[in-house]
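With mmCIF, C-alpha atoms and all ligand atoms inside, this is protein-v7.cif:
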data_run
loop_
_atom_site.group_PDB
_atom_site.id
_atom_site.type_symbol
_atom_site.label_atom_id
_atom_site.label_comp_id
_atom_site.auth_asym_id
_atom_site.auth_seq_id
_atom_site.Cartn_x
_atom_site.Cartn_y
_atom_site.Cartn_z
ATOM 1 C CA MET A 1 105.759 113.860 98.479
ATOM 2 C CA ARG A 2 107.045 110.407 99.411
ATOM 3 C CA LYS A 3 109.320 110.195 102.439
ATOM 4 C CA PRO A 4 112.436 108.136 101.624
ATOM 5 C CA PHE A 5 112.578 104.759 103.330
ATOM 6 C CA ILE A 6 115.836 102.864 103.854
ATOM 7 C CA ALA A 7 115.618 99.380 105.358
ATOM 8 C CA GLY A 8 118.374 96.947 106.256
ATOM 9 C CA ASN A 9 117.737 93.256 105.670
ATOM 10 C CA TRP A 10 120.261 91.469 107.852
ATOM 11 C CA LYS A 11 119.283 88.076 106.389
ATOM 12 C CA MET A 12 120.768 85.072 108.267
ATOM 13 C CA ASN A 13 123.666 87.016 109.755
ATOM 14 C CA MET A 14 124.852 88.267 113.173
ATOM 15 C CA ASN A 15 124.730 86.774 116.663
ATOM 16 C CA ALA A 16 123.151 88.144 119.831
ATOM 17 C CA ALA A 17 126.080 90.401 120.668
ATOM 18 C CA SER A 18 126.818 91.685 117.160
ATOM 19 C CA ALA A 19 123.122 92.321 116.440
ATOM 20 C CA VAL A 20 122.809 94.549 119.513
ATOM 21 C CA SER A 21 126.097 96.250 118.760
ATOM 22 C CA LEU A 22 125.018 97.008 115.163
ATOM 23 C CA ALA A 23 121.670 98.371 116.338
ATOM 24 C CA SER A 24 123.248 100.488 119.064
ATOM 25 C CA GLY A 25 125.836 101.829 116.626
ATOM 26 C CA LEU A 26 123.080 102.896 114.228
ATOM 27 C CA VAL A 27 121.118 104.586 116.999
ATOM 28 C CA LYS A 28 124.174 106.672 117.829
ATOM 29 C CA GLU A 29 125.110 107.484 114.222
ATOM 30 C CA LEU A 30 121.583 108.330 113.112
ATOM 31 C CA GLU A 31 120.467 110.389 116.089
ATOM 32 C CA GLY A 32 118.451 113.374 114.915
ATOM 33 C CA VAL A 33 117.880 112.053 111.377
ATOM 34 C CA ASP A 34 114.149 112.352 110.792
ATOM 35 C CA SER A 35 113.781 113.139 107.104
ATOM 36 C CA VAL A 36 114.210 109.453 106.208
ATOM 37 C CA ASP A 37 112.280 106.458 107.533
ATOM 38 C CA VAL A 38 114.804 103.843 108.669
ATOM 39 C CA ALA A 39 114.208 100.223 109.637
ATOM 40 C CA VAL A 40 116.324 97.170 110.372
ATOM 41 C CA CYS A 41 115.183 93.583 109.912
ATOM 42 C CA PRO A 42 117.239 91.170 112.043
ATOM 43 C CA PRO A 43 116.717 87.411 112.270
ATOM 44 C CA PHE A 44 113.648 86.494 114.374
ATOM 45 C CA VAL A 45 115.692 85.311 117.349
ATOM 46 C CA TYR A 46 117.337 88.723 117.806
ATOM 47 C CA LEU A 47 114.219 90.879 117.364
ATOM 48 C CA GLN A 48 113.643 91.397 121.066
ATOM 49 C CA ALA A 49 117.229 92.282 121.854
ATOM 50 C CA VAL A 50 117.411 94.656 118.883
ATOM 51 C CA ALA A 51 114.054 96.208 119.848
ATOM 52 C CA ALA A 52 115.515 97.054 123.258
ATOM 53 C CA ALA A 53 118.602 98.602 121.640
ATOM 54 C CA LEU A 54 116.398 100.730 119.325
ATOM 55 C CA SER A 55 113.872 101.729 121.980
ATOM 56 C CA ALA A 56 114.862 105.372 122.335
ATOM 57 C CA SER A 57 115.398 105.948 118.610
ATOM 58 C CA ASN A 58 113.505 106.663 115.376
ATOM 59 C CA ILE A 59 114.746 103.412 113.852
ATOM 60 C CA ALA A 60 111.933 100.944 113.303
ATOM 61 C CA LEU A 61 112.076 97.174 113.541
ATOM 62 C CA GLY A 62 110.979 94.697 110.892
ATOM 63 C CA SER A 63 110.937 90.946 110.448
ATOM 64 C CA GLN A 64 112.244 89.061 107.406
ATOM 65 C CA ASN A 65 109.120 86.947 107.040
ATOM 66 C CA VAL A 66 105.728 86.284 108.636
ATOM 67 C CA TYR A 67 103.147 83.508 108.421
ATOM 68 C CA PHE A 68 99.550 84.188 107.411
ATOM 69 C CA GLU A 69 97.774 82.117 110.063
ATOM 70 C CA GLU A 70 97.034 83.654 113.461
ATOM 71 C CA ASN A 71 98.213 80.744 115.616
ATOM 72 C CA GLY A 72 98.110 76.979 115.877
ATOM 73 C CA ALA A 73 99.968 73.947 114.617
ATOM 74 C CA PHE A 74 102.393 75.573 112.169
ATOM 75 C CA THR A 75 105.754 74.386 113.424
ATOM 76 C CA GLY A 76 108.547 76.843 112.819
ATOM 77 C CA GLU A 77 106.324 79.720 111.739
ATOM 78 C CA ILE A 78 105.811 83.155 113.334
ATOM 79 C CA SER A 79 102.546 85.147 113.387
ATOM 80 C CA CYS A 80 101.777 88.850 113.045
ATOM 81 C CA ASP A 81 100.775 89.095 116.702
ATOM 82 C CA MET A 82 104.069 87.565 117.806
ATOM 83 C CA LEU A 83 105.973 90.070 115.695
ATOM 84 C CA LYS A 84 103.987 92.998 117.031
ATOM 85 C CA ASP A 85 104.559 91.655 120.517
ATOM 86 C CA VAL A 86 108.305 92.130 120.007
ATOM 87 C CA CYS A 87 107.839 95.635 118.582
ATOM 88 C CA CYS A 88 107.962 94.952 114.839
ATOM 89 C CA THR A 89 106.414 97.580 112.585
ATOM 90 C CA TYR A 90 107.389 96.091 109.223
ATOM 91 C CA ALA A 91 107.603 92.604 107.716
ATOM 92 C CA ILE A 92 109.580 91.765 104.592
ATOM 93 C CA ILE A 93 107.399 89.464 102.475
ATOM 94 C CA GLY A 94 108.217 87.544 99.305
ATOM 95 C CA HIS A 95 111.937 88.211 99.329
ATOM 96 C CA SER A 96 113.604 86.539 96.344
ATOM 97 C CA GLU A 97 115.470 84.191 98.663
ATOM 98 C CA ARG A 98 112.137 82.995 100.011
ATOM 99 C CA ARG A 99 110.707 82.726 96.492
ATOM 100 C CA HIS A 100 113.677 80.947 94.936
ATOM 101 C CA VAL A 101 115.389 79.119 97.826
ATOM 102 C CA MET A 102 112.328 78.242 99.938
ATOM 103 C CA GLY A 103 109.925 77.952 97.015
ATOM 104 C CA GLU A 104 107.330 80.545 98.072
ATOM 105 C CA THR A 105 104.665 81.141 95.435
ATOM 106 C CA ASP A 106 102.788 84.295 94.445
ATOM 107 C CA GLU A 107 99.697 82.807 96.109
ATOM 108 C CA LEU A 108 101.432 82.223 99.449
ATOM 109 C CA ILE A 109 103.016 85.668 99.324
ATOM 110 C CA ASN A 110 99.597 87.215 98.632
ATOM 111 C CA LYS A 111 98.188 85.521 101.746
ATOM 112 C CA LYS A 112 101.095 86.841 103.797
ATOM 113 C CA VAL A 113 100.737 90.419 102.492
ATOM 114 C CA SER A 114 97.035 90.333 103.255
ATOM 115 C CA ALA A 115 97.490 88.816 106.722
ATOM 116 C CA ALA A 116 100.265 91.271 107.603
ATOM 117 C CA ILE A 117 98.093 94.280 106.744
ATOM 118 C CA ASN A 118 95.118 92.845 108.638
ATOM 119 C CA GLY A 119 97.403 92.066 111.548
ATOM 120 C CA GLY A 120 98.742 95.607 111.775
ATOM 121 C CA LEU A 121 102.167 95.140 110.191
ATOM 122 C CA LEU A 122 103.494 97.168 107.255
ATOM 123 C CA PRO A 123 104.618 94.777 104.490
ATOM 124 C CA ILE A 124 107.779 95.373 102.495
ATOM 125 C CA PHE A 125 106.600 93.350 99.535
ATOM 126 C CA CYS A 126 109.456 92.180 97.283
ATOM 127 C CA VAL A 127 109.413 91.521 93.556
ATOM 128 C CA GLY A 128 112.144 91.021 90.973
ATOM 129 C CA GLU A 129 113.237 89.047 87.942
ATOM 130 C CA LEU A 130 115.897 86.364 87.525
ATOM 131 C CA LEU A 131 118.845 86.979 85.197
ATOM 132 C CA ALA A 132 117.432 84.516 82.639
ATOM 133 C CA GLU A 133 114.137 86.416 82.681
ATOM 134 C CA ARG A 134 115.903 89.747 82.112
ATOM 135 C CA ASN A 135 117.976 88.243 79.299
ATOM 136 C CA ALA A 136 114.824 86.834 77.725
ATOM 137 C CA GLY A 137 113.267 90.315 77.777
ATOM 138 C CA THR A 138 110.496 89.290 80.190
ATOM 139 C CA THR A 139 111.403 91.517 83.165
ATOM 140 C CA ASN A 140 108.264 93.649 82.937
ATOM 141 C CA ASP A 141 105.981 90.631 82.494
ATOM 142 C CA VAL A 142 107.491 88.809 85.473
ATOM 143 C CA VAL A 143 107.464 91.806 87.794
ATOM 144 C CA ALA A 144 103.951 92.843 86.724
ATOM 145 C CA ARG A 145 102.692 89.312 87.437
ATOM 146 C CA GLN A 146 104.346 89.305 90.869
ATOM 147 C CA VAL A 147 102.851 92.706 91.729
ATOM 148 C CA LYS A 148 99.338 91.813 90.516
ATOM 149 C CA LYS A 149 99.242 88.396 92.178
ATOM 150 C CA GLY A 150 100.939 89.544 95.367
ATOM 151 C CA LEU A 151 98.432 92.376 95.790
ATOM 152 C CA GLU A 152 95.319 90.488 94.687
ATOM 153 C CA GLY A 153 92.342 91.421 96.843
ATOM 154 C CA ILE A 154 94.182 94.254 98.608
ATOM 155 C CA CYS A 155 91.788 97.212 98.512
ATOM 156 C CA ASP A 156 92.522 100.941 98.282
ATOM 157 C CA GLU A 157 92.636 101.459 102.049
ATOM 158 C CA ARG A 158 94.823 98.459 102.787
ATOM 159 C CA ILE A 159 97.386 99.086 100.024
ATOM 160 C CA GLN A 160 98.539 102.238 101.800
ATOM 161 C CA ALA A 161 100.296 100.036 104.370
ATOM 162 C CA VAL A 162 102.520 98.505 101.691
ATOM 163 C CA THR A 163 106.030 99.382 100.511
ATOM 164 C CA ILE A 164 107.102 97.605 97.340
ATOM 165 C CA ALA A 165 110.746 96.573 96.976
ATOM 166 C CA TYR A 166 112.063 95.944 93.462
ATOM 167 C CA GLU A 167 115.029 93.615 93.795
ATOM 168 C CA PRO A 168 116.393 92.179 90.559
ATOM 169 C CA VAL A 169 117.572 88.736 91.659
ATOM 170 C CA TRP A 170 120.762 88.957 89.564
ATOM 171 C CA ALA A 171 121.815 92.047 91.532
ATOM 172 C CA ILE A 172 121.353 90.560 95.008
ATOM 173 C CA GLY A 173 124.593 89.829 96.816
ATOM 174 C CA THR A 174 126.468 89.716 93.516
ATOM 175 C CA GLY A 175 128.052 93.151 93.494
ATOM 176 C CA LEU A 176 126.128 93.786 90.254
ATOM 177 C CA THR A 177 123.801 96.727 90.741
ATOM 178 C CA ALA A 178 121.037 97.641 88.342
ATOM 179 C CA THR A 179 121.989 100.908 86.676
ATOM 180 C CA PRO A 180 119.896 103.832 87.904
ATOM 181 C CA GLU A 181 118.176 103.769 84.499
ATOM 182 C CA GLN A 182 117.371 100.052 84.751
ATOM 183 C CA ALA A 183 115.956 100.561 88.238
ATOM 184 C CA GLN A 184 113.935 103.613 87.191
ATOM 185 C CA GLU A 185 112.487 101.797 84.185
ATOM 186 C CA VAL A 186 111.058 98.982 86.332
ATOM 187 C CA HIS A 187 109.992 101.319 89.140
ATOM 188 C CA ALA A 188 108.084 103.466 86.617
ATOM 189 C CA MET A 189 106.445 100.337 85.201
ATOM 190 C CA ILE A 190 105.388 99.281 88.726
ATOM 191 C CA ARG A 191 103.999 102.731 89.445
ATOM 192 C CA GLY A 192 102.081 102.627 86.172
ATOM 193 C CA LEU A 193 100.593 99.315 87.195
ATOM 194 C CA LEU A 194 99.681 100.683 90.636
ATOM 195 C CA THR A 195 97.989 103.592 88.865
ATOM 196 C CA GLU A 196 95.877 101.130 86.887
ATOM 197 C CA LEU A 197 95.042 99.174 90.031
ATOM 198 C CA TYR A 198 94.536 101.978 92.566
ATOM 199 C CA GLY A 199 94.389 105.283 90.697
ATOM 200 C CA LYS A 200 96.920 108.073 90.430
ATOM 201 C CA ASP A 201 96.751 109.520 93.942
ATOM 202 C CA ILE A 202 97.398 106.226 95.695
ATOM 203 C CA ALA A 203 100.048 105.151 93.164
ATOM 204 C CA GLN A 204 101.884 108.443 93.670
ATOM 205 C CA SER A 205 101.816 108.018 97.443
ATOM 206 C CA LEU A 206 103.216 104.462 97.559
ATOM 207 C CA ARG A 207 106.923 103.948 98.130
ATOM 208 C CA ILE A 208 108.997 101.695 95.884
ATOM 209 C CA GLN A 209 112.412 100.683 97.215
ATOM 210 C CA TYR A 210 115.279 99.357 95.120
ATOM 211 C CA GLY A 211 117.393 96.461 96.419
ATOM 212 C CA GLY A 212 120.411 94.636 95.015
ATOM 213 C CA SER A 213 124.008 95.544 95.893
ATOM 214 C CA ALA A 214 122.979 98.993 97.089
ATOM 215 C CA LYS A 215 125.895 100.585 98.932
ATOM 216 C CA PRO A 216 127.208 103.990 99.977
ATOM 217 C CA GLY A 217 128.839 104.567 96.581
ATOM 218 C CA ASN A 218 125.673 104.116 94.505
ATOM 219 C CA THR A 219 123.050 105.462 96.921
ATOM 220 C CA ALA A 220 122.905 109.002 95.548
ATOM 221 C CA GLU A 221 122.489 107.994 91.913
ATOM 222 C CA LEU A 222 119.873 105.346 92.654
ATOM 223 C CA MET A 223 117.926 107.689 94.938
ATOM 224 C CA GLY A 224 118.224 110.408 92.295
ATOM 225 C CA GLN A 225 115.736 108.545 90.110
ATOM 226 C CA PRO A 226 112.195 109.932 90.264
ATOM 227 C CA ASP A 227 110.489 106.628 91.128
ATOM 228 C CA VAL A 228 113.143 105.233 93.498
ATOM 229 C CA ASP A 229 111.840 106.114 96.959
ATOM 230 C CA GLY A 230 114.166 104.095 99.123
ATOM 231 C CA LEU A 231 116.503 101.136 99.387
ATOM 232 C CA LEU A 232 116.304 97.627 100.796
ATOM 233 C CA VAL A 233 119.903 96.946 101.738
ATOM 234 C CA GLY A 234 121.486 93.547 102.376
ATOM 235 C CA GLY A 235 125.267 93.294 102.773
ATOM 236 C CA ALA A 236 125.876 97.004 103.320
ATOM 237 C CA SER A 237 123.345 97.063 106.170
ATOM 238 C CA LEU A 238 125.617 94.858 108.298
ATOM 239 C CA LYS A 239 128.151 97.629 108.895
ATOM 240 C CA VAL A 240 127.252 100.681 110.963
ATOM 241 C CA GLU A 241 129.430 103.013 108.843
ATOM 242 C CA ASP A 242 128.003 101.851 105.502
ATOM 243 C CA PHE A 243 124.335 101.796 106.438
ATOM 244 C CA ALA A 244 124.578 105.080 108.348
ATOM 245 C CA ALA A 245 126.388 106.666 105.395
ATOM 246 C CA MET A 246 123.593 105.582 103.059
ATOM 247 C CA VAL A 247 120.896 107.024 105.308
ATOM 248 C CA LYS A 248 122.825 110.267 105.700
ATOM 249 C CA THR A 249 123.324 110.544 101.924
ATOM 250 C CA VAL A 250 119.556 110.348 101.496
ATOM 251 C CA ALA A 251 118.841 112.702 104.415
HETATM 252 P P1 LIG B 1 122.459 92.901 98.866
HETATM 253 O O1 LIG B 1 122.357 94.378 99.216
HETATM 254 O O2 LIG B 1 123.417 92.167 99.740
HETATM 255 O O3 LIG B 1 122.695 92.717 97.401
HETATM 256 O O4 LIG B 1 121.021 92.273 99.193
HETATM 257 C C1 LIG B 1 119.900 92.901 98.713
HETATM 258 C C2 LIG B 1 118.703 92.285 99.334
HETATM 259 O O5 LIG B 1 118.361 91.153 99.042
HETATM 260 C C3 LIG B 1 117.988 93.051 100.355
HETATM 261 O O6 LIG B 1 116.774 92.446 100.679
#

Take the structure in the file and give it back as structure tokens.
Ligand code: 13P
Amino acid sequence: MRKPFIAGNWKMNMNAASAVSLASGLVKELEGVDSVDVAVCPPFVYLQAVAAALSASNIALGSQNVYFEENGAFTGEISCDMLKDVCCTYAIIGHSERRHVMGETDELINKKVSAAINGGLLPIFCVGELLAERNAGTTNDVVARQVKKGLEGICDERIQAVTIAYEPVWAIGTGLTATPEQAQEVHAMIRGLLTELYGKDIAQSLRIQYGGSAKPGNTAELMGQPDVDGLLVGGASLKVEDFAAMVKTVA
């Protein structure tokens, strides 16, 4: 039985005051909810303040990125140890905005996934096709390549730390949501691939989140799909009422 996992990716939004206010609002609204794992991923600079606001709650903290080296001359980058130091449990890795805006490759993402697991963080490893790739009928090929390359060298024990997030790029921030059937089809394909790579028991235990214009109004139908185990939420995670409503729908 996979425990549902709802995470909010705040992206490059909020300021110090609004980040703390959002976190505190969620703590209040979600008090007592323990049947769903919940995490928020603020910008790096607000992690510490948000960690303090979440301290007496079940809501976990995650980063939106991490670098694979332990320390040294890597200007602008943040290590696993630094993230753990400010109470992060999770790290989003390979988000489509990092792949397509910042140019991150499957190889770089693989190094980050591996380093995050070794460093004691739980990766939320993102995959997803572009609209042109979906229209060309290559969704499964693209996503399968991203999964295989992103998880290369990750053994049976280490994979258990990973959550996979399927985020079709055309559905991110566009208001276009994959239909529950479209999401389920890709999630089932990913689980099939995980079965090939890690065997049935591990594949059945791994959580696969959907992301892309998830909101209160489509949470129930998306989460009603057998292989959709959670949501990675962008825009709707910036409002206490919306994100709390989504978590409560799942709980
Ligand atoms: P939206 O929910 O704003 O479409 O963003 C999805 C996403 O990219 C979460 O990581």

Result set of the PyMOL selection byres (((chain A and resi 31) around 10) and not hetatm) on the coordinates above, as a ChimeraX atom specification: /A:26-30,32-34,56-59

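Omitting Val186 of chain A and its sequence neighbours fewer than 6 positions away, and counting all atoms listed in the file, the residues within 12 Å are Val127, Gly128, Glu129, Arg134, Thr138, Thr139, Asn140, Asp141, Val142, Val143, Ala144, Val147, Ile164, Ala165, Tyr166, Glu167, Pro168, Ala178, Thr179, Pro180, Gly192, Leu193, Ile208, Gln209, Tyr210, Gln225, Pro226, Asp227 and Val228 of chain A.
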
Coordinates-based distance that separates atom CA of Gly119 of chain A from atom CA of Ile78 of chain A (Å, one decimal): 12.4 Å

Draw an axis-aligned box tight on the listed atoms of segment 90-105 of chain A, then pad every side by 4 Å and write out centre and edge lengths in Å to one decimal as JSON.
{"center_x": 110.1, "center_y": 87.0, "center_z": 102.1, "size_x": 18.8, "size_y": 26.1, "size_z": 22.3}

Written as an mmCIF file with C-alpha atoms, in the frame of the given file, which residues does the PyMOL selection byres (((chain A and resi 43) around 8) and not hetatm) give for the file shown?
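Now in out.cif:
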data_model
loop_
_atom_site.group_PDB
_atom_site.id
_atom_site.type_symbol
_atom_site.label_atom_id
_atom_site.label_comp_id
_atom_site.auth_asym_id
_atom_site.auth_seq_id
_atom_site.Cartn_x
_atom_site.Cartn_y
_atom_site.Cartn_z
ATOM 1 C CA TRP A 10 120.261 91.469 107.852
ATOM 2 C CA LYS A 11 119.283 88.076 106.389
ATOM 3 C CA MET A 12 120.768 85.072 108.267
ATOM 4 C CA ASN A 13 123.666 87.016 109.755
ATOM 5 C CA CYS A 41 115.183 93.583 109.912
ATOM 6 C CA PRO A 42 117.239 91.170 112.043
ATOM 7 C CA PHE A 44 113.648 86.494 114.374
ATOM 8 C CA VAL A 45 115.692 85.311 117.349
ATOM 9 C CA TYR A 46 117.337 88.723 117.806
ATOM 10 C CA LEU A 47 114.219 90.879 117.364
ATOM 11 C CA SER A 63 110.937 90.946 110.448
ATOM 12 C CA GLN A 64 112.244 89.061 107.406
#

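Across the structure, atom CA of Gln160 of chain A and atom CA of Asn118 of chain A are spaced 12.1 Å apart.
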
Protein and nucleic residues near ligand LIG 1 (chain B), 9 Å, all atoms listed in the file, as a PyMOL selection string: chain A and resi 7-11+64+92+95-97+126+165+167-177+210-215+231-237

Using the chain letters and numbers from the file, which residues does the PyMOL selection byres (((chain A and resi 122) around 7) and not hetatm) grab, as a CSV table (one decimal) with C-alpha atoms, in the coordinates of the input?
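The file below, part15.csv, is the result:
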chain,number,residue,atom,x,y,z
A,89,THR,CA,106.4,97.6,112.6
A,90,TYR,CA,107.4,96.1,109.2
A,91,ALA,CA,107.6,92.6,107.7
A,116,ALA,CA,100.3,91.3,107.6
A,117,ILE,CA,98.1,94.3,106.7
A,120,GLY,CA,98.7,95.6,111.8
A,121,LEU,CA,102.2,95.1,110.2
A,123,PRO,CA,104.6,94.8,104.5
A,124,ILE,CA,107.8,95.4,102.5
A,161,ALA,CA,100.3,100.0,104.4
A,162,VAL,CA,102.5,98.5,101.7

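Between atom CA of Ile109 of chain A and atom CA of Ile93 of chain A the interatomic distance comes to 6.6 Å.
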
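For the choices A:Gly150, A:Ala132, A:Ala17, A:Met246, the atom-to-atom distance to Glu104 of chain A is smallest for A:Gly150 when using all atoms listed in the file.
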
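Here the question is which of A:Met189, A:Leu206, A:Leu222, A:Val240 gets nearest to Lys3 of chain A using all atoms listed in the file, and that residue is A:Leu206.
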
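Closest to Ile190 of chain A among A:Gly230, A:Thr75, A:Thr219, A:Gln146 is A:Gln146, based on only C-alpha atoms.
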
Residues within 9 Å of (111.6, 94.3, 118.7), counting only C-alpha atoms, listed as number ranges by chain: A: 46-55, 60-63, 83-89

Nearest to Leu22 of chain A by atom-to-atom distance, counting only C-alpha atoms, from A:Val40, A:Ile6, A:Ile159, A:Val247: A:Val40

Selected residue of minimal separation from Asp81 of chain A among A:Val250, A:Ala115, A:Met223, A:Glu107, counting only C-alpha atoms: A:Ala115

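Restricting the calculation to only C-alpha atoms, the smallest distance between Ala39 of chain A and any of A:Phe125, A:Phe5, A:Phe74, A:Tyr198 is found for A:Phe5.
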
With all heavy atoms as the goal, would you fill in the gaps in segment 49-57 of chain A and present it as a PDB file, keeping the file's coordinate frame?
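Result written to part-v7.pdb:
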ATOM      1  N   ALA A  49     116.013  91.606 121.390  1.00  0.00           N
ATOM      2  CA  ALA A  49     117.229  92.282 121.854  1.00  0.00           C
ATOM      3  C   ALA A  49     117.461  93.560 121.035  1.00  0.00           C
ATOM      4  O   ALA A  49     117.827  94.609 121.582  1.00  0.00           O
ATOM      5  CB  ALA A  49     118.422  91.346 121.725  1.00  0.00           C
ATOM      6  N   VAL A  50     117.219  93.472 119.736  1.00  0.00           N
ATOM      7  CA  VAL A  50     117.411  94.656 118.883  1.00  0.00           C
ATOM      8  C   VAL A  50     116.345  95.708 119.200  1.00  0.00           C
ATOM      9  O   VAL A  50     116.633  96.901 119.244  1.00  0.00           O
ATOM     10  CB  VAL A  50     117.427  94.259 117.386  1.00  0.00           C
ATOM     11  CG1 VAL A  50     117.389  95.492 116.490  1.00  0.00           C
ATOM     12  CG2 VAL A  50     118.662  93.418 117.073  1.00  0.00           C
ATOM     13  N   ALA A  51     115.121  95.260 119.482  1.00  0.00           N
ATOM     14  CA  ALA A  51     114.054  96.208 119.848  1.00  0.00           C
ATOM     15  C   ALA A  51     114.474  97.014 121.074  1.00  0.00           C
ATOM     16  O   ALA A  51     114.283  98.234 121.127  1.00  0.00           O
ATOM     17  CB  ALA A  51     112.753  95.463 120.138  1.00  0.00           C
ATOM     18  N   ALA A  52     115.074  96.348 122.041  1.00  0.00           N
ATOM     19  CA  ALA A  52     115.515  97.054 123.258  1.00  0.00           C
ATOM     20  C   ALA A  52     116.597  98.077 122.907  1.00  0.00           C
ATOM     21  O   ALA A  52     116.579  99.212 123.389  1.00  0.00           O
ATOM     22  CB  ALA A  52     116.029  96.049 124.281  1.00  0.00           C
ATOM     23  N   ALA A  53     117.519  97.684 122.017  1.00  0.00           N
ATOM     24  CA  ALA A  53     118.602  98.602 121.640  1.00  0.00           C
ATOM     25  C   ALA A  53     118.072  99.814 120.864  1.00  0.00           C
ATOM     26  O   ALA A  53     118.655 100.894 120.894  1.00  0.00           O
ATOM     27  CB  ALA A  53     119.645  97.850 120.809  1.00  0.00           C
ATOM     28  N   LEU A  54     116.950  99.639 120.159  1.00  0.00           N
ATOM     29  CA  LEU A  54     116.398 100.730 119.325  1.00  0.00           C
ATOM     30  C   LEU A  54     115.377 101.570 120.079  1.00  0.00           C
ATOM     31  O   LEU A  54     114.878 102.556 119.539  1.00  0.00           O
ATOM     32  CB  LEU A  54     115.686 100.137 118.094  1.00  0.00           C
ATOM     33  CG  LEU A  54     116.497  99.321 117.097  1.00  0.00           C
ATOM     34  CD1 LEU A  54     115.574  98.784 116.004  1.00  0.00           C
ATOM     35  CD2 LEU A  54     117.617 100.155 116.472  1.00  0.00           C
ATOM     36  N   SER A  55     115.080 101.199 121.335  1.00  0.00           N
ATOM     37  CA  SER A  55     113.872 101.729 121.980  1.00  0.00           C
ATOM     38  C   SER A  55     113.802 103.251 122.045  1.00  0.00           C
ATOM     39  O   SER A  55     112.727 103.821 121.904  1.00  0.00           O
ATOM     40  CB  SER A  55     113.694 101.118 123.363  1.00  0.00           C
ATOM     41  OG  SER A  55     114.798 101.474 124.155  1.00  0.00           O
ATOM     42  N   ALA A  56     114.934 103.910 122.216  1.00  0.00           N
ATOM     43  CA  ALA A  56     114.862 105.372 122.335  1.00  0.00           C
ATOM     44  C   ALA A  56     115.211 106.062 121.012  1.00  0.00           C
ATOM     45  O   ALA A  56     115.687 107.193 121.006  1.00  0.00           O
ATOM     46  CB  ALA A  56     115.802 105.828 123.436  1.00  0.00           C
ATOM     47  N   SER A  57     114.978 105.372 119.900  1.00  0.00           N
ATOM     48  CA  SER A  57     115.398 105.948 118.610  1.00  0.00           C
ATOM     49  C   SER A  57     114.231 106.016 117.636  1.00  0.00           C
ATOM     50  O   SER A  57     113.141 105.531 117.921  1.00  0.00           O
ATOM     51  CB  SER A  57     116.504 105.086 118.000  1.00  0.00           C
ATOM     52  OG  SER A  57     115.936 103.928 117.399  1.00  0.00           O
TER      53      SER A  57
END
